[in-house]
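What follows is work.cif (mmCIF, C-alpha atoms).
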```
data_coords
loop_
_atom_site.label_atom_id
_atom_site.label_comp_id
_atom_site.auth_asym_id
_atom_site.auth_seq_id
_atom_site.Cartn_x
_atom_site.Cartn_y
_atom_site.Cartn_z
CA MET W 1 -10.29 -21.33 -10.96
CA ASN W 2 -10.27 -17.93 -9.25
CA LEU W 3 -7.06 -16.04 -8.43
CA GLU W 4 -6.94 -17.23 -4.82
CA ASP W 5 -7.18 -20.87 -5.88
CA LYS W 6 -4.69 -20.29 -8.69
CA ALA W 7 -2.21 -18.82 -6.18
CA LYS W 8 -2.60 -21.86 -3.90
CA HIS W 9 -2.02 -24.17 -6.85
CA ILE W 10 1.15 -22.32 -7.84
CA ARG W 11 2.43 -22.38 -4.24
CA ASN W 12 1.87 -26.13 -4.13
CA LEU W 13 3.75 -26.65 -7.40
CA ILE W 14 6.68 -24.68 -5.95
CA ILE W 15 6.70 -26.66 -2.71
CA LYS W 16 6.55 -30.03 -4.50
CA ALA W 17 9.29 -29.10 -6.95
CA LEU W 18 11.67 -27.76 -4.29
CA ALA W 19 11.19 -30.82 -2.09
CA GLU W 20 11.86 -33.09 -5.06
CA ALA W 21 14.95 -31.08 -6.06
CA GLY W 22 16.36 -31.06 -2.55
CA SER W 23 17.81 -27.60 -3.09
CA GLY W 24 16.69 -24.14 -4.11
CA HIS W 25 15.14 -20.97 -2.73
CA THR W 26 11.84 -21.29 -0.89
CA GLY W 27 11.17 -17.99 0.90
CA GLY W 28 11.33 -15.56 -2.01
CA SER W 29 9.63 -17.95 -4.42
CA LEU W 30 6.61 -18.27 -2.13
CA ASP W 31 6.29 -14.57 -1.36
CA LEU W 32 6.09 -13.63 -5.06
CA VAL W 33 3.22 -16.00 -5.84
CA ASP W 34 0.41 -13.47 -5.53
CA ILE W 35 2.18 -10.97 -7.78
CA PHE W 36 2.86 -13.59 -10.46
CA THR W 37 -0.68 -14.92 -10.21
CA VAL W 38 -2.23 -11.52 -10.88
CA LEU W 39 0.30 -10.72 -13.61
CA TYR W 40 -0.23 -13.90 -15.61
CA PHE W 41 -3.91 -14.54 -14.96
CA ASN W 42 -5.32 -11.04 -14.88
CA HIS W 43 -3.03 -8.56 -16.59
CA LEU W 44 -0.36 -9.63 -19.09
CA ARG W 45 -0.81 -10.01 -22.83
CA TYR W 46 0.69 -13.32 -23.95
CA ASP W 47 -0.12 -16.49 -25.87
CA SER W 48 1.24 -19.64 -24.22
CA SER W 49 0.82 -21.51 -27.51
CA ASN W 50 2.97 -18.87 -29.24
CA PRO W 51 5.51 -17.80 -26.59
CA LYS W 52 7.54 -15.69 -29.05
CA TRP W 53 4.52 -13.61 -30.16
CA GLU W 54 6.02 -10.22 -31.00
CA ASP W 55 3.35 -8.19 -29.22
CA ARG W 56 3.52 -10.08 -25.91
CA ASP W 57 4.29 -8.31 -22.66
CA ARG W 58 7.66 -9.31 -21.23
CA VAL W 59 8.45 -10.40 -17.65
CA VAL W 60 12.11 -10.16 -16.68
CA LEU W 61 12.90 -12.04 -13.48
CA SER W 62 15.94 -10.13 -12.27
CA ILE W 63 15.95 -11.92 -8.92
CA GLY W 64 16.84 -15.16 -10.69
CA HIS W 65 17.10 -17.47 -7.69
CA THR W 66 13.31 -17.22 -7.26
CA ALA W 67 12.99 -19.12 -10.55
CA PRO W 68 10.53 -21.66 -9.05
CA VAL W 69 7.76 -19.03 -8.95
CA LEU W 70 8.34 -18.17 -12.60
CA TYR W 71 8.44 -21.84 -13.65
CA ALA W 72 5.35 -22.79 -11.65
CA THR W 73 3.39 -19.84 -13.03
CA LEU W 74 4.43 -20.58 -16.61
CA ALA W 75 3.41 -24.22 -16.15
CA ALA W 76 0.04 -23.22 -14.67
CA ALA W 77 -0.44 -20.82 -17.60
CA GLY W 78 0.11 -23.62 -20.12
CA PHE W 79 3.60 -22.84 -21.42
CA PHE W 80 4.69 -26.40 -20.59
CA HIS W 81 3.27 -29.40 -18.73
CA GLU W 82 3.18 -29.16 -14.95
CA ASP W 83 4.83 -32.59 -14.62
CA GLU W 84 8.08 -31.00 -15.79
CA MET W 85 8.22 -29.06 -12.51
CA MET W 86 9.53 -32.24 -10.89
CA THR W 87 12.75 -31.93 -12.92
CA LEU W 88 13.69 -28.65 -11.22
CA ARG W 89 17.48 -28.24 -10.79
CA LYS W 90 18.26 -31.69 -12.18
CA PHE W 91 20.94 -32.38 -14.80
CA GLY W 92 19.56 -31.94 -18.30
CA SER W 93 16.39 -30.19 -17.10
CA ARG W 94 15.09 -27.05 -18.75
CA LEU W 95 14.27 -25.80 -15.25
CA GLN W 96 17.66 -24.86 -13.86
CA GLY W 97 18.30 -23.05 -10.57
CA HIS W 98 18.30 -19.74 -12.42
CA PRO W 99 16.39 -19.07 -15.66
CA SER W 100 18.46 -19.58 -18.79
CA LEU W 101 17.70 -18.72 -22.39
CA ASP W 102 19.90 -21.66 -23.37
CA SER W 103 17.30 -24.00 -21.89
CA GLN W 104 14.77 -22.79 -24.48
CA LEU W 105 12.02 -23.07 -21.87
CA PRO W 106 8.92 -21.34 -23.27
CA GLY W 107 8.10 -18.10 -21.48
CA VAL W 108 11.61 -17.36 -20.18
CA GLU W 109 12.61 -13.92 -21.46
CA THR W 110 16.17 -13.63 -20.16
CA SER W 111 18.93 -15.48 -18.36
CA ALA W 112 19.40 -14.45 -14.74
CA GLY W 113 21.75 -15.14 -11.89
CA SER W 114 24.05 -12.18 -11.44
CA LEU W 115 21.87 -9.82 -9.43
CA GLY W 116 21.25 -6.24 -10.50
CA GLN W 117 21.10 -6.83 -14.25
CA GLY W 118 17.38 -7.19 -14.93
CA LEU W 119 16.42 -3.53 -15.03
CA SER W 120 19.06 -2.75 -17.65
CA ILE W 121 17.81 -5.68 -19.74
CA SER W 122 14.25 -4.43 -19.31
CA ASN W 123 15.29 -0.98 -20.49
CA GLY W 124 16.73 -2.52 -23.64
CA MET W 125 13.50 -4.37 -24.34
CA ALA W 126 11.52 -1.19 -23.73
CA PHE W 127 13.75 0.77 -26.10
CA ALA W 128 13.18 -1.89 -28.75
CA ALA W 129 9.42 -1.52 -28.35
CA LYS W 130 9.66 2.25 -28.82
CA PHE W 131 11.84 1.90 -31.91
CA ASP W 132 9.57 -0.75 -33.44
CA LYS W 133 6.40 1.21 -32.64
CA LYS W 134 5.13 -1.65 -30.45
CA ASP W 135 2.97 -1.15 -27.38
CA TYR W 136 4.05 -4.14 -25.30
CA ARG W 137 5.17 -3.54 -21.73
CA VAL W 138 8.16 -4.85 -19.80
CA TYR W 139 7.81 -5.92 -16.16
CA CYS W 140 11.03 -6.31 -14.18
CA VAL W 141 10.76 -8.26 -10.90
CA MET W 142 13.53 -7.36 -8.45
CA GLY W 143 14.42 -8.22 -4.88
CA ASP W 144 15.04 -5.60 -2.21
CA GLY W 145 18.43 -7.07 -1.31
CA GLU W 146 19.24 -6.99 -5.00
CA ILE W 147 18.76 -3.25 -5.27
CA GLN W 148 21.82 -2.70 -3.12
CA GLU W 149 23.61 -3.23 -6.46
CA GLY W 150 24.79 0.02 -8.05
CA SER W 151 23.86 -1.16 -11.54
CA VAL W 152 20.18 -0.93 -10.57
CA TYR W 153 20.48 2.81 -10.00
CA GLU W 154 22.28 3.40 -13.30
CA ALA W 155 19.38 1.64 -14.99
CA ALA W 156 16.86 3.61 -12.93
CA MET W 157 18.47 6.88 -14.00
CA ALA W 158 18.47 5.83 -17.66
CA ALA W 159 14.84 4.68 -17.66
CA ALA W 160 13.69 8.02 -16.29
CA HIS W 161 15.94 10.05 -18.59
CA PHE W 162 14.63 8.30 -21.69
CA LYS W 163 11.01 8.38 -20.44
CA LEU W 164 10.53 4.63 -20.69
CA ASP W 165 6.92 4.58 -19.59
CA ASN W 166 6.60 1.02 -20.92
CA VAL W 167 8.84 -0.22 -18.09
CA CYS W 168 7.31 -1.29 -14.77
CA ALA W 169 9.64 -2.49 -12.02
CA ILE W 170 8.08 -4.65 -9.31
CA LEU W 171 10.08 -4.70 -6.10
CA ASP W 172 9.67 -7.64 -3.71
CA ARG W 173 9.99 -5.67 -0.47
CA ASN W 174 10.11 -8.47 2.11
CA ARG W 175 12.90 -6.62 3.99
CA LEU W 176 15.03 -9.79 4.20
CA GLN W 177 18.07 -11.08 2.38
CA ILE W 178 20.42 -14.01 2.93
CA ASP W 179 22.36 -12.23 5.71
CA GLY W 180 19.37 -10.79 7.57
CA ASN W 181 17.23 -7.66 7.49
CA THR W 182 18.01 -5.32 4.60
CA GLU W 183 18.10 -2.33 6.94
CA ASP W 184 20.87 -4.00 8.98
CA VAL W 185 22.88 -5.23 5.99
CA MET W 186 22.65 -2.09 3.83
CA ALA W 187 19.75 0.23 4.62
CA LEU W 188 17.41 1.03 1.73
CA GLU W 189 15.07 3.53 3.34
CA PRO W 190 13.75 6.05 2.50
CA LEU W 191 13.14 3.79 -0.48
CA ALA W 192 10.13 5.44 -2.13
CA ASP W 193 11.79 8.86 -1.87
CA LYS W 194 14.86 7.57 -3.71
CA TRP W 195 12.84 6.31 -6.66
CA HIS W 196 10.80 9.52 -6.71
CA ALA W 197 14.09 11.45 -6.85
CA PHE W 198 15.18 9.42 -9.86
CA GLY W 199 11.99 10.51 -11.64
CA TRP W 200 9.92 7.37 -11.32
CA ASN W 201 6.20 6.96 -10.69
CA VAL W 202 6.15 5.17 -7.31
CA ILE W 203 3.26 2.97 -6.13
CA GLU W 204 3.32 1.16 -2.77
CA ILE W 205 1.06 -1.82 -2.10
CA ASP W 206 0.45 -4.93 -0.03
CA GLY W 207 2.07 -7.52 -2.29
CA HIS W 208 -0.37 -10.22 -1.21
CA ASN W 209 -3.57 -8.26 -1.80
CA HIS W 210 -4.81 -9.19 -5.27
CA SER W 211 -7.02 -6.11 -5.57
CA GLU W 212 -4.12 -3.80 -4.75
CA ILE W 213 -1.84 -5.61 -7.19
CA LYS W 214 -4.42 -5.29 -9.97
CA GLU W 215 -4.97 -1.60 -9.28
CA ALA W 216 -1.23 -0.87 -9.15
CA LEU W 217 -0.60 -2.57 -12.50
CA VAL W 218 -3.35 -0.49 -14.10
CA LYS W 219 -2.01 2.75 -12.56
CA ALA W 220 1.48 1.95 -13.85
CA GLU W 221 0.14 1.33 -17.35
CA GLN W 222 -1.77 4.61 -17.30
CA CYS W 223 1.27 6.66 -16.26
CA LYS W 224 2.82 8.38 -19.28
CA GLY W 225 6.25 9.95 -19.67
CA LYS W 226 8.03 8.13 -16.84
CA PRO W 227 8.71 4.55 -15.72
CA SER W 228 6.84 3.08 -12.78
CA ILE W 229 7.93 1.04 -9.80
CA ILE W 230 5.54 -0.95 -7.65
CA ILE W 231 7.02 -1.42 -4.17
CA ALA W 232 5.21 -4.55 -3.03
CA HIS W 233 5.44 -5.16 0.71
CA THR W 234 5.56 -8.93 1.10
CA ILE W 235 6.20 -11.67 3.65
CA MET W 236 9.04 -14.06 2.90
CA GLY W 237 7.69 -17.62 2.84
CA LYS W 238 4.08 -16.43 2.52
CA GLY W 239 1.57 -19.26 2.89
CA VAL W 240 3.60 -21.40 5.27
CA PRO W 241 3.29 -19.80 8.74
CA GLU W 242 6.26 -21.57 10.35
CA ILE W 243 8.74 -20.17 7.82
CA GLU W 244 7.24 -16.72 7.26
CA ASN W 245 9.63 -13.80 7.84
CA ASP W 246 12.53 -16.19 8.51
CA ASN W 247 15.56 -15.42 6.35
CA LYS W 248 16.97 -18.89 7.09
CA TRP W 249 14.51 -20.06 4.41
CA HIS W 250 16.13 -17.87 1.78
CA GLY W 251 18.04 -20.89 0.49
CA ARG W 252 16.48 -23.85 2.32
CA VAL W 253 13.87 -26.29 1.03
CA PRO W 254 11.31 -28.49 2.75
CA THR W 255 11.76 -32.20 3.19
CA LYS W 256 9.28 -34.32 1.29
CA GLU W 257 7.44 -34.91 4.57
CA GLN W 258 7.22 -31.19 5.26
CA ALA W 259 6.05 -30.59 1.70
CA VAL W 260 3.14 -32.99 2.14
CA GLU W 261 2.17 -31.28 5.39
CA TRP W 262 2.35 -27.78 3.86
CA ILE W 263 0.38 -28.75 0.79
CA ASN W 264 -2.34 -30.57 2.73
CA ARG W 265 -2.77 -27.45 4.84
CA GLN W 266 -3.32 -25.30 1.76
CA LEU W 267 -5.78 -27.64 0.02
#
```

Reformat the file's structure so that it appears as structure tokens.
Amino acid sequence: MNLEDKAKHIRNLIIKALAEAGSGHTGGSLDLVDIFTVLYFNHLRYDSSNPKWEDRDRVVLSIGHTAPVLYATLAAAGFFHEDEMMTLRKFGSRLQGHPSLDSQLPGVETSAGSLGQGLSISNGMAFAAKFDKKDYRVYCVMGDGEIQEGSVYEAAMAAAHFKLDNVCAILDRNRLQIDGNTEDVMALEPLADKWHAFGWNVIEIDGHNHSEIKEALVKAEQCKGKPSIIIAHTIMGKGVPEIENDNKWHGRVPTKEQAVEWINRQL
């Protein structure tokens, strides 16, 4: 299965699971699919049969409410059976609304929920790699609304100061958050300039172009002496035209009838 087909499969898993759950976050989960597809099926070092392998690359999902994209990708990558996706957000499920280490779901690297914490956690993992003389990398996936949190910038300053070149932040720049456009709620621009000023290697891409995602991940890995951030320009709800760029779908899910229609369109 090529990357395009893999991305469609992951989108369909997300749609089915959210419709079955009856609650969750659709827009952000769908717009991160291409990034997660390239990460897990073209770039990362991991062993799904040995999820605690010491030399694995780590993915920290800081924007925890987009957990469905992480779960669907892990399932597609063989960390657990895809049928378990239908337990999303149900009592007793390992697939809660936000990732939790307590669930012991293979492939989950950290608990998430309180926004703005993931980059600090990633820094800690990166420090550990340096101390242990390991060459694994840490990828921190953040939302653009999330980076209105001050804790993100403390972590950004620390990562640059300590030259954590094994940290790569990936920013989901869909320009929308629950209350509307990020530039209306709390303006982020000039965004690239801010990260440059903190001492980061900044790469801007189309977050749905697999070739650009691949190239950016390689460039980030090749950059030495400073952390990297990939600002990925995305479309909330990507893959379902009627909900694209509509922040009302931040926390809405399709009905089961809508899910069937969306999936049939993608097949």

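For the choices W:Ala17, W:Ile35, W:Ile10, W:Ala259, the atom-to-atom distance to Ala75 in chain W is smallest for W:Ile10 when using only C-alpha atoms.
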
Using only C-alpha atoms: which of W:Ile231, W:Gly237, W:Asp246, W:Gly124 has the shortest distance to Asp193 in chain W: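 Ranked by minimum distance to Asp193 in chain W, first place goes to W:Ile231.
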
Neighbour residues at most 12 Å from (4.6, -23.8, 1.3) (all atoms listed in the file) as number ranges by chain: W: 7-19, 25-31, 33, 69, 236-244, 249, 252-267

Distance query Ser62 in chain W at most 10 Å, only C-alpha atoms, self and fewer than 4 positions along chain excluded, as a list of chain:residue names: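 Non-adjacent residues within range: W:Thr66, W:Ala67, W:His98, W:Pro99, W:Thr110, W:Ser111, W:Ala112, W:Gly113, W:Ser114, W:Leu115, W:Gly116, W:Gln117, W:Gly118, W:Leu119, W:Ser120, W:Ile121, W:Ser122, W:Tyr139, W:Cys140, W:Val141, W:Met142, W:Gly143, W:Glu146, W:Ala169.
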
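With CA of Thr73 in chain W on one side and CA of Pro227 in chain W on the other, the separation reads 25.1 Å.
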
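Applied to the shown file, the PyMOL selection byres ((chain W and resi 210) around 9) selects the residues W:Leu3, W:Glu4, W:Asp34, W:Ile35, W:Thr37, W:Val38, W:Asp206, W:Gly207, W:His208, W:Asn209, W:Ser211, W:Glu212, W:Ile213, W:Lys214, W:Glu215.
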
Interatomic distance, CA of Asp135 in chain W to CA of Phe36 in chain W (Å, one decimal): 21.0 Å

Expansion of the PyMOL selection byres ((chain W and resi 158) around 12) into residues, as a PyMOL selection string: chain W and resi 119-124+126-127+151-157+159-165+167+198-200+226-227

Serialized selection, C-alpha atoms, as a CSV table (one decimal), keeping the file's coordinate frame:
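And here is the file that came out, out-v2.csv:
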```csv
chain,number,residue,atom,x,y,z
W,119,LEU,CA,16.4,-3.5,-15.0
W,120,SER,CA,19.1,-2.8,-17.6
W,121,ILE,CA,17.8,-5.7,-19.7
W,122,SER,CA,14.2,-4.4,-19.3
W,123,ASN,CA,15.3,-1.0,-20.5
W,124,GLY,CA,16.7,-2.5,-23.6
W,126,ALA,CA,11.5,-1.2,-23.7
W,127,PHE,CA,13.8,0.8,-26.1
W,151,SER,CA,23.9,-1.2,-11.5
W,152,VAL,CA,20.2,-0.9,-10.6
W,153,TYR,CA,20.5,2.8,-10.0
W,154,GLU,CA,22.3,3.4,-13.3
W,155,ALA,CA,19.4,1.6,-15.0
W,156,ALA,CA,16.9,3.6,-12.9
W,157,MET,CA,18.5,6.9,-14.0
W,159,ALA,CA,14.8,4.7,-17.7
W,160,ALA,CA,13.7,8.0,-16.3
W,161,HIS,CA,15.9,10.0,-18.6
W,162,PHE,CA,14.6,8.3,-21.7
W,163,LYS,CA,11.0,8.4,-20.4
W,164,LEU,CA,10.5,4.6,-20.7
W,165,ASP,CA,6.9,4.6,-19.6
W,167,VAL,CA,8.8,-0.2,-18.1
W,198,PHE,CA,15.2,9.4,-9.9
W,199,GLY,CA,12.0,10.5,-11.6
W,200,TRP,CA,9.9,7.4,-11.3
W,226,LYS,CA,8.0,8.1,-16.8
W,227,PRO,CA,8.7,4.6,-15.7
```

Point-to-point distance in Å for CA of Asp57 in chain W and CA of His196 in chain W: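 Result for CA of His196 in chain W versus CA of Asp57 in chain W: 24.8 Å, one decimal.
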
Option closest in space to Asn174 in chain W, from W:Leu70, W:Val218, W:Ala232, W:Ile63 [counting all atoms listed in the file]: W:Ala232

Picked residues, the PyMOL selection byres ((chain W and resi 137) around 6), expected as a list of chain:residue names: W:Asp57, W:Tyr136, W:Val138, W:Asn166

Residue with smallest distance to Leu61 in chain W - pool W:Asn247, W:Ser100, W:Ser49, W:Ser93, counting all atoms listed in the file: W:Ser100

Proximity to Ile170 in chain W - best of W:Ala128, W:Ile229, W:Met1, W:Ala76, all atoms listed in the file: W:Ile229

Minimum-distance residue to Gln96 in chain W, chosen among W:Ala21, W:Val59, W:Ala77, W:Ile203 (using only C-alpha atoms): W:Ala21

What box, with edges along x, y and z, holds each listed atom of range 142-148 of chain W when 6 Å is added on every side, and can you state its centre and edge lengths in Å to one decimal, as AutoDock Vina command-line options?
```
--center_x 17.7 --center_y -5.5 --center_z -4.9 --size_x 20.3 --size_y 17.5 --size_z 19.1
```

Using the structure block above, produce a file of range 213-224 of chain W that contains all heavy atoms, as a PDB file, in the first residue's frame.
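Written out: part_24.pdb:
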```pdb
ATOM      1  N   ILE W 213       6.736  16.822   3.092  1.00  0.00           N
ATOM      2  CA  ILE W 213       6.865  16.313   4.461  1.00  0.00           C
ATOM      3  C   ILE W 213       8.126  15.460   4.590  1.00  0.00           C
ATOM      4  O   ILE W 213       8.915  15.626   5.536  1.00  0.00           O
ATOM      5  CB  ILE W 213       5.621  15.494   4.873  1.00  0.00           C
ATOM      6  CG1 ILE W 213       4.365  16.359   4.826  1.00  0.00           C
ATOM      7  CG2 ILE W 213       5.814  14.915   6.285  1.00  0.00           C
ATOM      8  CD1 ILE W 213       3.062  15.572   4.931  1.00  0.00           C
ATOM      9  N   LYS W 214       8.343  14.570   3.627  1.00  0.00           N
ATOM     10  CA  LYS W 214       9.546  13.724   3.640  1.00  0.00           C
ATOM     11  C   LYS W 214      10.805  14.582   3.660  1.00  0.00           C
ATOM     12  O   LYS W 214      11.724  14.357   4.451  1.00  0.00           O
ATOM     13  CB  LYS W 214       9.574  12.830   2.381  1.00  0.00           C
ATOM     14  CG  LYS W 214       8.568  11.719   2.330  1.00  0.00           C
ATOM     15  CD  LYS W 214       8.768  10.975   0.999  1.00  0.00           C
ATOM     16  CE  LYS W 214       7.613  10.076   0.673  1.00  0.00           C
ATOM     17  NZ  LYS W 214       7.780   9.441  -0.662  1.00  0.00           N
ATOM     18  N   GLU W 215      10.856  15.547   2.745  1.00  0.00           N
ATOM     19  CA  GLU W 215      12.046  16.393   2.612  1.00  0.00           C
ATOM     20  C   GLU W 215      12.298  17.194   3.889  1.00  0.00           C
ATOM     21  O   GLU W 215      13.446  17.335   4.342  1.00  0.00           O
ATOM     22  CB  GLU W 215      11.873  17.339   1.422  1.00  0.00           C
ATOM     23  CG  GLU W 215      13.092  18.200   1.127  1.00  0.00           C
ATOM     24  CD  GLU W 215      12.909  19.105  -0.082  1.00  0.00           C
ATOM     25  OE1 GLU W 215      11.915  18.923  -0.826  1.00  0.00           O
ATOM     26  OE2 GLU W 215      13.769  19.984  -0.288  1.00  0.00           O
ATOM     27  N   ALA W 216      11.224  17.700   4.501  1.00  0.00           N
ATOM     28  CA  ALA W 216      11.371  18.496   5.721  1.00  0.00           C
ATOM     29  C   ALA W 216      11.910  17.649   6.870  1.00  0.00           C
ATOM     30  O   ALA W 216      12.769  18.106   7.646  1.00  0.00           O
ATOM     31  CB  ALA W 216      10.021  19.096   6.109  1.00  0.00           C
ATOM     32  N   LEU W 217      11.444  16.431   6.988  1.00  0.00           N
ATOM     33  CA  LEU W 217      11.913  15.548   8.054  1.00  0.00           C
ATOM     34  C   LEU W 217      13.395  15.232   7.895  1.00  0.00           C
ATOM     35  O   LEU W 217      14.148  15.170   8.880  1.00  0.00           O
ATOM     36  CB  LEU W 217      11.082  14.260   8.082  1.00  0.00           C
ATOM     37  CG  LEU W 217       9.627  14.424   8.531  1.00  0.00           C
ATOM     38  CD1 LEU W 217       8.828  13.159   8.248  1.00  0.00           C
ATOM     39  CD2 LEU W 217       9.546  14.779  10.017  1.00  0.00           C
ATOM     40  N   VAL W 218      13.826  15.057   6.657  1.00  0.00           N
ATOM     41  CA  VAL W 218      15.247  14.804   6.399  1.00  0.00           C
ATOM     42  C   VAL W 218      16.074  16.041   6.725  1.00  0.00           C
ATOM     43  O   VAL W 218      17.134  15.955   7.369  1.00  0.00           O
ATOM     44  CB  VAL W 218      15.462  14.364   4.936  1.00  0.00           C
ATOM     45  CG1 VAL W 218      16.955  14.308   4.606  1.00  0.00           C
ATOM     46  CG2 VAL W 218      14.818  13.001   4.688  1.00  0.00           C
ATOM     47  N   LYS W 219      15.603  17.222   6.291  1.00  0.00           N
ATOM     48  CA  LYS W 219      16.330  18.469   6.576  1.00  0.00           C
ATOM     49  C   LYS W 219      16.465  18.691   8.083  1.00  0.00           C
ATOM     50  O   LYS W 219      17.515  19.117   8.569  1.00  0.00           O
ATOM     51  CB  LYS W 219      15.606  19.651   5.949  1.00  0.00           C
ATOM     52  CG  LYS W 219      15.784  19.786   4.442  1.00  0.00           C
ATOM     53  CD  LYS W 219      15.054  21.016   3.928  1.00  0.00           C
ATOM     54  CE  LYS W 219      15.266  21.203   2.434  1.00  0.00           C
ATOM     55  NZ  LYS W 219      14.509  22.379   1.920  1.00  0.00           N
ATOM     56  N   ALA W 220      15.399  18.398   8.822  1.00  0.00           N
ATOM     57  CA  ALA W 220      15.443  18.570  10.276  1.00  0.00           C
ATOM     58  C   ALA W 220      16.469  17.628  10.891  1.00  0.00           C
ATOM     59  O   ALA W 220      17.232  18.016  11.787  1.00  0.00           O
ATOM     60  CB  ALA W 220      14.058  18.314  10.865  1.00  0.00           C
ATOM     61  N   GLU W 221      16.524  16.406  10.401  1.00  0.00           N
ATOM     62  CA  GLU W 221      17.473  15.430  10.943  1.00  0.00           C
ATOM     63  C   GLU W 221      18.911  15.823  10.622  1.00  0.00           C
ATOM     64  O   GLU W 221      19.831  15.549  11.398  1.00  0.00           O
ATOM     65  CB  GLU W 221      17.154  14.038  10.390  1.00  0.00           C
ATOM     66  CG  GLU W 221      17.896  12.923  11.078  1.00  0.00           C
ATOM     67  CD  GLU W 221      17.272  11.566  10.844  1.00  0.00           C
ATOM     68  OE1 GLU W 221      16.207  11.480  10.207  1.00  0.00           O
ATOM     69  OE2 GLU W 221      17.865  10.567  11.297  1.00  0.00           O
ATOM     70  N   GLN W 222      19.112  16.474   9.501  1.00  0.00           N
ATOM     71  CA  GLN W 222      20.461  16.867   9.089  1.00  0.00           C
ATOM     72  C   GLN W 222      20.962  18.123   9.792  1.00  0.00           C
ATOM     73  O   GLN W 222      22.163  18.405   9.789  1.00  0.00           O
ATOM     74  CB  GLN W 222      20.488  17.079   7.572  1.00  0.00           C
ATOM     75  CG  GLN W 222      20.323  15.791   6.770  1.00  0.00           C
ATOM     76  CD  GLN W 222      20.177  16.050   5.273  1.00  0.00           C
ATOM     77  OE1 GLN W 222      19.869  17.159   4.851  1.00  0.00           O
ATOM     78  NE2 GLN W 222      20.412  15.015   4.466  1.00  0.00           N
ATOM     79  N   CYS W 223      20.054  18.884  10.386  1.00  0.00           N
ATOM     80  CA  CYS W 223      20.442  20.134  11.056  1.00  0.00           C
ATOM     81  C   CYS W 223      21.101  19.817  12.398  1.00  0.00           C
ATOM     82  O   CYS W 223      20.508  19.134  13.238  1.00  0.00           O
ATOM     83  CB  CYS W 223      19.219  21.016  11.269  1.00  0.00           C
ATOM     84  SG  CYS W 223      19.596  22.571  12.112  1.00  0.00           S
ATOM     85  N   LYS W 224      22.299  20.312  12.612  1.00  0.00           N
ATOM     86  CA  LYS W 224      23.046  20.037  13.835  1.00  0.00           C
ATOM     87  C   LYS W 224      23.210  21.313  14.667  1.00  0.00           C
ATOM     88  O   LYS W 224      23.361  22.404  14.133  1.00  0.00           O
ATOM     89  CB  LYS W 224      24.421  19.459  13.507  1.00  0.00           C
ATOM     90  CG  LYS W 224      24.370  18.167  12.684  1.00  0.00           C
ATOM     91  CD  LYS W 224      23.547  17.086  13.359  1.00  0.00           C
ATOM     92  CE  LYS W 224      23.438  15.837  12.497  1.00  0.00           C
ATOM     93  NZ  LYS W 224      22.494  14.839  13.078  1.00  0.00           N
TER      94      LYS W 224
END
```
